[in-house]
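Q: Below is the file query25.cif, which contains mmCIF, C-alpha atoms.
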```cif
data_structure
loop_
_atom_site.label_atom_id
_atom_site.label_comp_id
_atom_site.auth_asym_id
_atom_site.auth_seq_id
_atom_site.Cartn_x
_atom_site.Cartn_y
_atom_site.Cartn_z
CA MET A 1 -11.04 10.08 50.68
CA GLU A 2 -10.10 10.79 54.28
CA TYR A 3 -11.19 14.17 55.67
CA ARG A 4 -9.46 16.01 58.51
CA GLN A 5 -10.09 19.04 60.70
CA LEU A 6 -8.03 22.00 59.54
CA GLY A 7 -6.17 23.00 62.68
CA GLN A 8 -8.43 24.21 65.49
CA SER A 9 -11.27 25.14 63.13
CA GLY A 10 -14.60 23.70 62.07
CA LEU A 11 -13.43 23.25 58.49
CA ARG A 12 -12.95 19.66 57.31
CA VAL A 13 -10.62 19.23 54.35
CA PRO A 14 -9.59 16.22 52.25
CA ALA A 15 -6.20 14.63 52.92
CA LEU A 16 -5.35 15.44 49.30
CA SER A 17 -6.18 18.78 47.69
CA PHE A 18 -5.56 19.91 44.13
CA GLY A 19 -3.11 22.68 43.28
CA THR A 20 -3.85 24.72 40.18
CA GLY A 21 -0.44 26.20 39.45
CA THR A 22 -0.65 24.38 36.11
CA PHE A 23 -3.78 26.33 35.08
CA GLY A 24 -3.30 29.19 32.64
CA GLY A 25 0.43 28.80 32.15
CA THR A 26 1.87 32.25 31.48
CA GLY A 27 5.28 33.62 32.41
CA PRO A 28 8.69 31.91 32.67
CA LEU A 29 7.85 29.79 35.73
CA PHE A 30 4.22 28.87 35.29
CA SER A 31 4.43 28.14 31.58
CA ASN A 32 6.87 25.37 32.52
CA TRP A 33 4.49 24.05 35.16
CA GLY A 34 1.60 23.66 32.73
CA THR A 35 -0.77 25.42 30.35
CA THR A 36 -4.09 23.79 31.22
CA ASP A 37 -7.05 25.62 29.65
CA VAL A 38 -10.64 25.69 30.90
CA ASP A 39 -11.71 22.49 29.13
CA GLY A 40 -8.70 20.60 30.48
CA ALA A 41 -9.29 22.04 33.95
CA ARG A 42 -12.90 20.84 33.93
CA ARG A 43 -11.76 17.28 33.22
CA LEU A 44 -9.26 17.40 36.07
CA VAL A 45 -11.88 18.88 38.42
CA ASP A 46 -14.29 16.07 37.55
CA ILE A 47 -11.64 13.44 38.33
CA CYS A 48 -10.90 15.14 41.66
CA LEU A 49 -14.56 15.24 42.67
CA GLU A 50 -15.02 11.57 41.77
CA ALA A 51 -12.17 10.78 44.20
CA GLY A 52 -13.50 13.06 46.97
CA VAL A 53 -10.96 15.85 46.44
CA THR A 54 -13.06 18.94 47.13
CA LEU A 55 -10.39 21.54 47.99
CA PHE A 56 -8.75 23.49 45.15
CA ASP A 57 -5.74 25.72 45.85
CA THR A 58 -4.58 28.66 43.75
CA ALA A 59 -3.03 32.14 44.15
CA ASP A 60 -3.35 35.53 42.52
CA VAL A 61 0.31 35.42 41.48
CA TYR A 62 -0.11 32.13 39.58
CA SER A 63 0.15 33.15 35.92
CA ASP A 64 -0.73 36.73 36.92
CA GLY A 65 -4.27 35.79 37.93
CA ARG A 66 -4.93 33.45 35.03
CA SER A 67 -4.95 30.37 37.28
CA GLU A 68 -7.80 31.85 39.34
CA GLU A 69 -9.68 32.71 36.15
CA VAL A 70 -9.39 29.18 34.73
CA LEU A 71 -10.33 27.61 38.07
CA GLY A 72 -13.36 29.87 38.42
CA ALA A 73 -14.58 28.93 34.95
CA ALA A 74 -13.94 25.22 35.55
CA LEU A 75 -16.00 25.32 38.77
CA GLU A 76 -19.00 26.97 37.12
CA GLY A 77 -22.11 25.29 38.55
CA LEU A 78 -20.08 23.40 41.16
CA ARG A 79 -19.38 26.13 43.69
CA ASP A 80 -21.38 24.64 46.56
CA GLU A 81 -19.65 21.26 46.12
CA VAL A 82 -16.11 22.54 46.54
CA MET A 83 -13.82 24.66 48.70
CA ILE A 84 -11.55 27.29 47.18
CA SER A 85 -8.22 28.24 48.72
CA THR A 86 -6.28 31.18 47.33
CA LYS A 87 -3.28 33.22 48.39
CA THR A 88 -2.19 36.83 48.14
CA GLY A 89 0.70 38.99 49.28
CA LEU A 90 3.38 38.47 46.63
CA PRO A 91 3.88 41.28 44.07
CA MET A 92 1.31 41.57 41.29
CA GLY A 93 2.85 44.74 39.86
CA ASP A 94 5.24 47.60 40.60
CA GLY A 95 2.80 49.93 42.37
CA PRO A 96 2.92 50.72 46.10
CA VAL A 97 -0.19 48.63 46.85
CA ASP A 98 0.56 45.80 44.41
CA TRP A 99 2.29 43.73 47.08
CA GLY A 100 2.20 42.96 50.80
CA THR A 101 -0.59 42.41 53.32
CA GLY A 102 -1.60 45.93 54.29
CA ARG A 103 -5.32 46.78 54.52
CA THR A 104 -5.62 48.41 51.09
CA ARG A 105 -3.73 45.60 49.41
CA LEU A 106 -5.73 42.82 51.12
CA VAL A 107 -9.12 44.39 50.41
CA GLN A 108 -8.26 45.03 46.76
CA ALA A 109 -6.69 41.60 46.33
CA VAL A 110 -9.71 39.79 47.76
CA GLU A 111 -12.13 41.74 45.55
CA ALA A 112 -10.00 40.99 42.47
CA ALA A 113 -9.74 37.29 43.37
CA LEU A 114 -13.51 37.02 43.88
CA GLY A 115 -14.03 38.42 40.39
CA ARG A 116 -11.53 36.09 38.75
CA LEU A 117 -12.89 33.08 40.63
CA ARG A 118 -16.52 33.98 39.82
CA THR A 119 -17.58 33.54 43.43
CA ASP A 120 -18.88 35.55 46.37
CA ARG A 121 -16.60 34.02 49.00
CA ILE A 122 -13.17 32.50 49.53
CA ASP A 123 -13.25 29.45 51.78
CA LEU A 124 -9.59 29.72 52.76
CA LEU A 125 -7.46 32.84 52.29
CA GLN A 126 -3.73 32.55 52.93
CA LEU A 127 -1.15 35.32 53.13
CA HIS A 128 1.43 34.13 50.63
CA ALA A 129 4.55 35.61 52.22
CA PHE A 130 5.51 37.48 55.38
CA ASP A 131 5.27 41.26 55.05
CA ALA A 132 7.53 42.89 57.65
CA ALA A 133 6.20 46.37 56.81
CA THR A 134 2.63 45.75 57.98
CA PRO A 135 1.83 45.52 61.73
CA PRO A 136 0.13 42.26 62.75
CA GLU A 137 -2.79 44.23 64.25
CA GLU A 138 -3.56 45.70 60.81
CA VAL A 139 -3.51 42.26 59.24
CA LEU A 140 -5.76 40.81 61.94
CA THR A 141 -8.38 43.59 61.86
CA THR A 142 -8.49 43.53 58.07
CA ILE A 143 -9.00 39.76 58.00
CA ASP A 144 -11.72 40.13 60.63
CA MET A 145 -13.45 42.75 58.48
CA LEU A 146 -13.34 40.45 55.42
CA ILE A 147 -14.70 37.53 57.44
CA ARG A 148 -17.52 39.65 58.89
CA ALA A 149 -18.39 40.80 55.36
CA GLY A 150 -18.76 37.14 54.31
CA LYS A 151 -16.01 37.37 51.71
CA VAL A 152 -13.59 35.06 53.56
CA ARG A 153 -14.49 32.04 55.70
CA TYR A 154 -11.14 30.94 57.17
CA TRP A 155 -7.60 32.26 56.88
CA GLY A 156 -3.97 31.43 57.39
CA VAL A 157 -0.46 32.03 56.08
CA SER A 158 2.12 30.50 53.79
CA ASN A 159 5.90 30.38 54.08
CA TYR A 160 5.97 32.36 57.35
CA PRO A 161 8.67 32.18 60.01
CA GLY A 162 7.48 30.66 63.26
CA TRP A 163 7.82 33.85 65.31
CA ALA A 164 5.58 35.73 62.86
CA VAL A 165 2.90 33.02 63.03
CA MET A 166 3.07 33.24 66.83
CA GLU A 167 2.65 37.03 66.70
CA LEU A 168 -0.57 36.60 64.73
CA ILE A 169 -1.89 33.89 67.07
CA ALA A 170 -1.10 35.93 70.18
CA GLY A 171 -2.56 39.11 68.69
CA ALA A 172 -5.74 37.32 67.64
CA ASP A 173 -6.18 35.88 71.13
CA ARG A 174 -5.45 39.23 72.79
CA HIS A 175 -8.05 41.11 70.74
CA GLY A 176 -10.64 38.35 70.31
CA LEU A 177 -10.09 38.13 66.54
CA PRO A 178 -10.07 35.06 64.24
CA ARG A 179 -6.86 33.04 64.50
CA PRO A 180 -4.91 31.72 61.51
CA VAL A 181 -5.91 28.05 61.19
CA VAL A 182 -3.58 26.94 58.39
CA HIS A 183 0.05 27.28 57.36
CA GLN A 184 0.85 26.30 53.77
CA VAL A 185 4.40 24.98 53.88
CA TYR A 186 7.05 23.22 51.85
CA TYR A 187 7.52 19.69 53.22
CA SER A 188 8.71 16.49 51.56
CA LEU A 189 11.02 13.52 52.08
CA ILE A 190 13.85 15.66 50.73
CA GLY A 191 12.83 18.81 52.59
CA ARG A 192 11.95 18.15 56.23
CA ASP A 193 12.87 21.53 57.72
CA TYR A 194 9.19 22.07 58.59
CA GLU A 195 9.64 19.57 61.44
CA TRP A 196 12.29 21.59 63.27
CA ASP A 197 10.25 24.61 64.40
CA LEU A 198 6.99 25.08 62.51
CA MET A 199 5.59 21.61 63.21
CA PRO A 200 5.93 21.89 67.01
CA LEU A 201 4.32 25.35 66.84
CA ALA A 202 1.47 23.96 64.74
CA ALA A 203 0.92 21.05 67.12
CA ARG A 204 0.95 23.27 70.20
CA HIS A 205 -1.35 25.98 68.82
CA GLY A 206 -3.67 24.11 66.46
CA VAL A 207 -2.46 25.29 63.07
CA GLY A 208 -3.05 22.72 60.34
CA ALA A 209 -0.51 22.32 57.55
CA MET A 210 -1.26 22.30 53.85
CA VAL A 211 1.81 21.03 52.00
CA TRP A 212 3.05 22.47 48.72
CA SER A 213 5.49 20.65 46.41
CA PRO A 214 5.21 17.34 48.31
CA LEU A 215 7.33 15.63 45.62
CA GLY A 216 10.25 17.94 46.22
CA TRP A 217 9.92 20.22 43.18
CA GLY A 218 9.47 17.21 40.88
CA ARG A 219 12.46 15.25 42.16
CA LEU A 220 10.43 12.41 43.71
CA THR A 221 8.46 11.47 40.61
CA GLY A 222 10.54 8.34 40.01
CA LYS A 223 12.15 9.86 36.93
CA ILE A 224 15.28 11.23 38.62
CA ARG A 225 17.71 8.44 39.52
CA ARG A 226 21.37 7.94 40.28
CA GLY A 227 23.51 7.36 37.18
CA HIS A 228 20.75 8.29 34.70
CA PRO A 229 20.50 11.51 32.70
CA ARG A 230 17.65 13.79 33.57
CA PRO A 231 14.68 13.22 31.20
CA GLU A 232 14.39 15.78 28.43
CA THR A 233 10.80 16.47 29.49
CA SER A 234 11.72 17.29 33.10
CA ARG A 235 10.63 20.74 34.26
CA LEU A 236 13.82 20.92 36.31
CA HIS A 237 15.77 21.96 33.22
CA GLU A 238 14.02 25.34 33.41
CA THR A 239 12.86 25.65 37.02
CA GLU A 240 15.48 23.97 39.23
CA SER A 241 17.06 27.25 40.38
CA LEU A 242 13.65 28.59 41.44
CA GLY A 243 12.82 25.77 43.84
CA PRO A 244 14.17 24.44 47.14
CA PRO A 245 17.85 23.42 46.97
CA VAL A 246 18.64 19.70 47.23
CA ASP A 247 21.80 17.69 47.85
CA GLU A 248 21.85 15.05 45.08
CA ASP A 249 23.53 12.32 47.13
CA HIS A 250 20.83 12.73 49.77
CA LEU A 251 18.15 12.67 47.06
CA PHE A 252 19.45 9.50 45.44
CA GLY A 253 19.65 7.72 48.79
CA ILE A 254 15.97 8.46 49.36
CA VAL A 255 15.02 7.40 45.83
CA ASP A 256 16.83 4.08 46.34
CA VAL A 257 14.62 3.30 49.35
CA LEU A 258 11.52 4.52 47.54
CA ASP A 259 12.32 2.11 44.71
CA GLU A 260 12.68 -0.77 47.18
CA ILE A 261 9.35 -0.02 48.85
CA ALA A 262 7.60 0.52 45.53
CA ALA A 263 8.63 -3.00 44.54
CA GLU A 264 7.41 -4.36 47.89
CA THR A 265 4.02 -2.68 47.69
CA ASP A 266 3.35 -2.62 43.94
CA ARG A 267 2.92 1.14 44.20
CA THR A 268 4.69 3.95 42.36
CA VAL A 269 7.50 6.09 43.75
CA PRO A 270 5.29 9.23 43.98
CA GLN A 271 2.55 7.27 45.74
CA ILE A 272 5.03 6.04 48.35
CA ALA A 273 6.41 9.55 48.93
CA LEU A 274 2.94 11.07 49.27
CA ASN A 275 1.65 8.32 51.56
CA TRP A 276 4.57 8.84 53.96
CA LEU A 277 3.87 12.58 54.03
CA ILE A 278 0.12 12.29 54.62
CA ARG A 279 0.78 10.33 57.84
CA GLN A 280 3.02 12.94 59.47
CA PRO A 281 1.85 15.02 62.47
CA THR A 282 -0.11 18.26 61.90
CA ILE A 283 -0.66 17.56 58.18
CA ALA A 284 -4.22 18.44 57.21
CA SER A 285 -3.95 18.27 53.42
CA VAL A 286 -1.23 17.56 50.86
CA ILE A 287 -1.55 19.59 47.66
CA VAL A 288 -1.00 17.57 44.50
CA GLY A 289 -0.82 18.99 41.00
CA ALA A 290 -1.00 17.44 37.56
CA ARG A 291 -0.66 18.44 33.95
CA THR A 292 -2.39 15.31 32.68
CA GLU A 293 -5.24 13.05 33.74
CA GLU A 294 -2.76 10.16 34.09
CA GLN A 295 -0.58 12.14 36.51
CA LEU A 296 -3.60 13.13 38.56
CA ARG A 297 -4.96 9.58 38.81
CA GLN A 298 -1.53 8.34 39.90
CA ASN A 299 -1.32 10.96 42.65
CA LEU A 300 -4.83 10.14 43.82
CA GLY A 301 -3.66 6.55 44.27
CA SER A 302 -1.54 7.63 47.24
CA VAL A 303 -4.52 7.40 49.62
CA GLY A 304 -6.76 4.55 50.74
CA TRP A 305 -3.88 2.39 51.99
CA GLU A 306 -0.97 2.68 54.42
CA LEU A 307 2.72 1.91 54.44
CA GLY A 308 3.92 -0.62 56.99
CA ALA A 309 5.63 0.59 60.15
CA ASP A 310 9.01 -0.76 58.98
CA GLN A 311 8.63 0.99 55.63
CA ILE A 312 7.80 4.29 57.32
CA ASP A 313 10.83 3.89 59.59
CA ARG A 314 13.15 3.23 56.63
CA LEU A 315 11.94 6.33 54.79
CA THR A 316 12.19 8.44 57.91
CA ALA A 317 15.74 7.26 58.59
CA VAL A 318 17.09 7.71 55.06
CA SER A 319 15.56 11.19 54.70
CA ASP A 320 16.67 12.49 58.10
CA ARG A 321 19.03 15.48 58.25
CA HIS A 322 20.72 17.34 61.08
CA ALA A 323 18.36 19.99 62.39
CA ALA A 324 19.50 23.59 62.48
CA TYR A 325 20.19 25.16 65.87
CA PRO A 326 18.47 24.96 68.31
CA GLY A 327 16.58 22.03 66.84
CA PHE A 328 19.42 19.52 67.07
CA ALA A 329 19.42 19.68 70.86
CA TYR A 330 15.74 18.73 71.02
CA ARG A 331 16.22 15.83 68.64
CA ARG A 332 19.33 14.36 70.26
CA GLN A 333 18.63 14.61 73.96
CA GLU A 334 15.68 12.98 75.69
CA GLY A 335 15.46 15.69 78.33
CA PHE A 336 14.98 18.37 75.70
CA ALA A 337 12.65 16.19 73.65
CA ARG A 338 10.13 16.12 76.49
CA LEU A 339 9.42 19.77 75.75
CA PHE A 340 7.96 18.83 72.35
CA PRO A 341 4.25 17.91 72.08
CA PRO A 342 4.04 14.08 72.14
CA MET A 343 2.59 13.92 68.60
CA VAL A 344 5.69 15.60 67.15
CA ARG A 345 8.42 13.45 68.76
#
```
Show me, as structure tokens, the structure contained in the file I just sent.

A:
Amino acid sequence: MEYRQLGQSGLRVPALSFGTGTFGGTGPLFSNWGTTDVDGARRLVDICLEAGVTLFDTADVYSDGRSEEVLGAALEGLRDEVMISTKTGLPMGDGPVDWGTGRTRLVQAVEAALGRLRTDRIDLLQLHAFDAATPPEEVLTTIDMLIRAGKVRYWGVSNYPGWAVMELIAGADRHGLPRPVVHQVYYSLIGRDYEWDLMPLAARHGVGAMVWSPLGWGRLTGKIRRGHPRPETSRLHETESLGPPVDEDHLFGIVDVLDEIAAETDRTVPQIALNWLIRQPTIASVIVGARTEEQLRQNLGSVGWELGADQIDRLTAVSDRHAAYPGFAYRRQEGFARLFPPMVR
């Protein structure tokens, strides 16, 4: 397993990490993702550790805390061998402090997560969604307090707009407080919006990306193809409206090229899609999930080898979309493109 620095931090993370949204499995969304119990989670954890995957990602909102509980039980006796990433900020109830990133909410959420995870520290805490009601200074001082107390080691955000990430970076620098070192983002061959604004920001300011849903909400598994009915077992029957929107013609064009390259390399469609993603700028770790041991082993097979330059170019070309304003100017005109960090162009 390849390990990488997480942004401008001292934390080294594996190129693949394991997402535990399939653990617990309660509620209309997460029950469709998976219902892995503690015994099943232990088997998946063991497979991950054998492959060098030492970072496990969860969130308090996953199955209303049940994912954290199952992960904590599955990691019993293994805590010093692994890193735990969890997220908070989305609503966990209807009360006034059951959502957001204010001081009371963050302190309570971290204490609750520590209990469910059966641990004394969170290696990587991420704010799950932007909270416009809480001043950035309150977020920064609260995170600093949690880090000083030893309850959090590193921190970052997830699904934030670029200007809000920049506010946190600038505020941290101004007051001498810990910077966010990670941004957990949606990024895939069928969803490359991350490149337009957030990737240049990450490259310029040292924010590593952890990628969620790298197979495009299950659309790049190799099971969704032009002219074929969707498999009865596909989660998309129940969850499609909850995920990122996709143009089907664009999707099928990408899948056609993935099929070609899979035949050339004797790899699977998901392995090709993940390998392309792992090689993109600013990517520290790609989060893979699995309901079964077979799915996990297949995803783990996306590392340890590299696509050829021509294959990368073909995937990049077929998956390209027009950037939203003002991104299109930077991508079309060489003079504007010089303003981007070299690693992003």

Q: Mind pulling up the distance from CA of Ile287 in chain A to CA of Arg105 in chain A?

A: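 Rounded to one decimal, the two atoms are 26.2 Å apart.
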
Q: Please write the residues picked by the PyMOL selection byres ((chain A and resi 150) around 12) on this file as a PyMOL selection string.

A: chain A and resi 110-111+114+119-124+143-149+151-154

Q: Can you write out the residues you just picked, keeping C-alpha atoms, as a PDB file, in the coordinates of the input?

A:
```
ATOM      1  CA  VAL A 110      -9.710  39.790  47.760  1.00  0.00           C
ATOM      2  CA  GLU A 111     -12.130  41.740  45.550  1.00  0.00           C
ATOM      3  CA  LEU A 114     -13.510  37.020  43.880  1.00  0.00           C
ATOM      4  CA  THR A 119     -17.580  33.540  43.430  1.00  0.00           C
ATOM      5  CA  ASP A 120     -18.880  35.550  46.370  1.00  0.00           C
ATOM      6  CA  ARG A 121     -16.600  34.020  49.000  1.00  0.00           C
ATOM      7  CA  ILE A 122     -13.170  32.500  49.530  1.00  0.00           C
ATOM      8  CA  ASP A 123     -13.250  29.450  51.780  1.00  0.00           C
ATOM      9  CA  LEU A 124      -9.590  29.720  52.760  1.00  0.00           C
ATOM     10  CA  ILE A 143      -9.000  39.760  58.000  1.00  0.00           C
ATOM     11  CA  ASP A 144     -11.720  40.130  60.630  1.00  0.00           C
ATOM     12  CA  MET A 145     -13.450  42.750  58.480  1.00  0.00           C
ATOM     13  CA  LEU A 146     -13.340  40.450  55.420  1.00  0.00           C
ATOM     14  CA  ILE A 147     -14.700  37.530  57.440  1.00  0.00           C
ATOM     15  CA  ARG A 148     -17.520  39.650  58.890  1.00  0.00           C
ATOM     16  CA  ALA A 149     -18.390  40.800  55.360  1.00  0.00           C
ATOM     17  CA  LYS A 151     -16.010  37.370  51.710  1.00  0.00           C
ATOM     18  CA  VAL A 152     -13.590  35.060  53.560  1.00  0.00           C
ATOM     19  CA  ARG A 153     -14.490  32.040  55.700  1.00  0.00           C
ATOM     20  CA  TYR A 154     -11.140  30.940  57.170  1.00  0.00           C
TER      21      TYR A 154
END
```

Q: To verify the selection step, state as a PyMOL selection string which residues the PyMOL selection byres ((chain A and resi 159-176) around 10) yields on this input.

A: chain A and resi 126-132+135-137+139-141+144+156-158+177-181+183-186+194+197-202+205-207+212

Q: Which residues match the PyMOL selection byres ((chain A and resi 308) around 12) in the file above, as a ChimeraX atom specification?

A: /A:261,264-265,272,275-276,279,305-307,309-315

Q: What box, with edges along x, y and z, holds each listed atom of range 247-262 of chain A when 5 Å is added on every side, and can you state its centre and edge lengths in Å to one decimal, as lines of an AutoDock Vina configuration file?

A:
```
center_x = 15.6
center_y = 8.5
center_z = 47.2
size_x = 25.9
size_y = 28.5
size_z = 15.1
```

Q: Need to verify the contact set: Gly102 in chain A, 9 Å, all atoms listed in the file, exclusion of same-chain residues closer than 5 positions in sequence. Can you return it as a PyMOL selection string?

A: chain A and resi 89+97+107+131+133-135+138-139+142

Q: Take the residues just selected and output them with C-alpha atoms as a compact mmCIF listing (two decimals), in the coordinates of the input.

A:
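The result, written out as selection18.txt:
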```txt
# COMPACT_ATOMS: atom_id res chain seq x y z
CA GLY A 89 0.70 38.99 49.28
CA VAL A 97 -0.19 48.63 46.85
CA VAL A 107 -9.12 44.39 50.41
CA ASP A 131 5.27 41.26 55.05
CA ALA A 133 6.20 46.37 56.81
CA THR A 134 2.63 45.75 57.98
CA PRO A 135 1.83 45.52 61.73
CA GLU A 138 -3.56 45.70 60.81
CA VAL A 139 -3.51 42.26 59.24
CA THR A 142 -8.49 43.53 58.07
```

Q: Measure the distance from CA of Val70 in chain A to CA of Val182 in chain A in Å and round it to one decimal.

A: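 Computed distance, CA of Val70 in chain A to CA of Val182 in chain A, equals 24.5 Å.
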
Q: Could you model N, CA and C atoms for range 156-183 of chain A and present them as a PDB file, keeping the file's coordinate frame?

A:
```
ATOM      1  N   GLY A 156      -5.243  31.912  56.884  1.00  0.00           N
ATOM      2  CA  GLY A 156      -3.970  31.430  57.390  1.00  0.00           C
ATOM      3  C   GLY A 156      -2.832  32.092  56.634  1.00  0.00           C
ATOM      4  N   VAL A 157      -1.674  31.461  56.667  1.00  0.00           N
ATOM      5  CA  VAL A 157      -0.460  32.030  56.080  1.00  0.00           C
ATOM      6  C   VAL A 157       0.252  30.976  55.259  1.00  0.00           C
ATOM      7  N   SER A 158       1.282  31.406  54.565  1.00  0.00           N
ATOM      8  CA  SER A 158       2.120  30.500  53.790  1.00  0.00           C
ATOM      9  C   SER A 158       3.552  30.985  53.833  1.00  0.00           C
ATOM     10  N   ASN A 159       4.472  30.066  54.103  1.00  0.00           N
ATOM     11  CA  ASN A 159       5.900  30.380  54.080  1.00  0.00           C
ATOM     12  C   ASN A 159       6.306  31.430  55.131  1.00  0.00           C
ATOM     13  N   TYR A 160       5.684  31.407  56.279  1.00  0.00           N
ATOM     14  CA  TYR A 160       5.970  32.360  57.350  1.00  0.00           C
ATOM     15  C   TYR A 160       7.002  31.790  58.322  1.00  0.00           C
ATOM     16  N   PRO A 161       7.828  32.642  58.907  1.00  0.00           N
ATOM     17  CA  PRO A 161       8.670  32.180  60.010  1.00  0.00           C
ATOM     18  C   PRO A 161       7.811  31.929  61.237  1.00  0.00           C
ATOM     19  N   GLY A 162       8.265  31.040  62.104  1.00  0.00           N
ATOM     20  CA  GLY A 162       7.480  30.660  63.260  1.00  0.00           C
ATOM     21  C   GLY A 162       7.132  31.825  64.161  1.00  0.00           C
ATOM     22  N   TRP A 163       8.088  32.747  64.398  1.00  0.00           N
ATOM     23  CA  TRP A 163       7.820  33.850  65.310  1.00  0.00           C
ATOM     24  C   TRP A 163       6.710  34.752  64.772  1.00  0.00           C
ATOM     25  N   ALA A 164       6.619  34.885  63.446  1.00  0.00           N
ATOM     26  CA  ALA A 164       5.580  35.730  62.860  1.00  0.00           C
ATOM     27  C   ALA A 164       4.209  35.070  62.970  1.00  0.00           C
ATOM     28  N   VAL A 165       4.167  33.747  62.812  1.00  0.00           N
ATOM     29  CA  VAL A 165       2.900  33.020  63.030  1.00  0.00           C
ATOM     30  C   VAL A 165       2.458  33.206  64.473  1.00  0.00           C
ATOM     31  N   MET A 166       3.402  33.109  65.406  1.00  0.00           N
ATOM     32  CA  MET A 166       3.070  33.240  66.830  1.00  0.00           C
ATOM     33  C   MET A 166       2.575  34.641  67.144  1.00  0.00           C
ATOM     34  N   GLU A 167       3.135  35.657  66.507  1.00  0.00           N
ATOM     35  CA  GLU A 167       2.650  37.030  66.700  1.00  0.00           C
ATOM     36  C   GLU A 167       1.181  37.145  66.311  1.00  0.00           C
ATOM     37  N   LEU A 168       0.818  36.529  65.192  1.00  0.00           N
ATOM     38  CA  LEU A 168      -0.570  36.600  64.730  1.00  0.00           C
ATOM     39  C   LEU A 168      -1.499  35.837  65.680  1.00  0.00           C
ATOM     40  N   ILE A 169      -1.065  34.666  66.139  1.00  0.00           N
ATOM     41  CA  ILE A 169      -1.890  33.890  67.070  1.00  0.00           C
ATOM     42  C   ILE A 169      -2.096  34.666  68.377  1.00  0.00           C
ATOM     43  N   ALA A 170      -1.008  35.199  68.917  1.00  0.00           N
ATOM     44  CA  ALA A 170      -1.100  35.930  70.180  1.00  0.00           C
ATOM     45  C   ALA A 170      -1.946  37.191  70.032  1.00  0.00           C
ATOM     46  N   GLY A 171      -1.773  37.895  68.917  1.00  0.00           N
ATOM     47  CA  GLY A 171      -2.560  39.110  68.690  1.00  0.00           C
ATOM     48  C   GLY A 171      -4.037  38.799  68.525  1.00  0.00           C
ATOM     49  N   ALA A 172      -4.342  37.717  67.815  1.00  0.00           N
ATOM     50  CA  ALA A 172      -5.740  37.320  67.640  1.00  0.00           C
ATOM     51  C   ALA A 172      -6.373  36.984  68.984  1.00  0.00           C
ATOM     52  N   ASP A 173      -5.652  36.240  69.814  1.00  0.00           N
ATOM     53  CA  ASP A 173      -6.180  35.880  71.130  1.00  0.00           C
ATOM     54  C   ASP A 173      -6.357  37.118  72.020  1.00  0.00           C
ATOM     55  N   ARG A 174      -5.413  38.031  71.944  1.00  0.00           N
ATOM     56  CA  ARG A 174      -5.450  39.230  72.790  1.00  0.00           C
ATOM     57  C   ARG A 174      -6.644  40.118  72.462  1.00  0.00           C
ATOM     58  N   HIS A 175      -6.996  40.199  71.165  1.00  0.00           N
ATOM     59  CA  HIS A 175      -8.050  41.110  70.740  1.00  0.00           C
ATOM     60  C   HIS A 175      -9.359  40.398  70.393  1.00  0.00           C
ATOM     61  N   GLY A 176      -9.411  39.078  70.601  1.00  0.00           N
ATOM     62  CA  GLY A 176     -10.640  38.350  70.310  1.00  0.00           C
ATOM     63  C   GLY A 176     -10.960  38.290  68.823  1.00  0.00           C
ATOM     64  N   LEU A 177      -9.933  38.153  67.994  1.00  0.00           N
ATOM     65  CA  LEU A 177     -10.090  38.130  66.540  1.00  0.00           C
ATOM     66  C   LEU A 177      -9.828  36.718  66.008  1.00  0.00           C
ATOM     67  N   PRO A 178     -10.271  36.410  64.789  1.00  0.00           N
ATOM     68  CA  PRO A 178     -10.070  35.060  64.240  1.00  0.00           C
ATOM     69  C   PRO A 178      -8.592  34.711  64.109  1.00  0.00           C
ATOM     70  N   ARG A 179      -8.238  33.533  64.600  1.00  0.00           N
ATOM     71  CA  ARG A 179      -6.860  33.040  64.500  1.00  0.00           C
ATOM     72  C   ARG A 179      -6.572  32.515  63.092  1.00  0.00           C
ATOM     73  N   PRO A 180      -5.288  32.495  62.702  1.00  0.00           N
ATOM     74  CA  PRO A 180      -4.910  31.720  61.510  1.00  0.00           C
ATOM     75  C   PRO A 180      -5.055  30.226  61.825  1.00  0.00           C
ATOM     76  N   VAL A 181      -5.676  29.475  60.924  1.00  0.00           N
ATOM     77  CA  VAL A 181      -5.910  28.050  61.190  1.00  0.00           C
ATOM     78  C   VAL A 181      -5.088  27.152  60.274  1.00  0.00           C
ATOM     79  N   VAL A 182      -4.344  27.743  59.341  1.00  0.00           N
ATOM     80  CA  VAL A 182      -3.580  26.940  58.390  1.00  0.00           C
ATOM     81  C   VAL A 182      -2.250  27.614  58.099  1.00  0.00           C
ATOM     82  N   HIS A 183      -1.246  26.798  57.847  1.00  0.00           N
ATOM     83  CA  HIS A 183       0.050  27.280  57.360  1.00  0.00           C
ATOM     84  C   HIS A 183       0.397  26.422  56.145  1.00  0.00           C
TER      85      HIS A 183
END
```
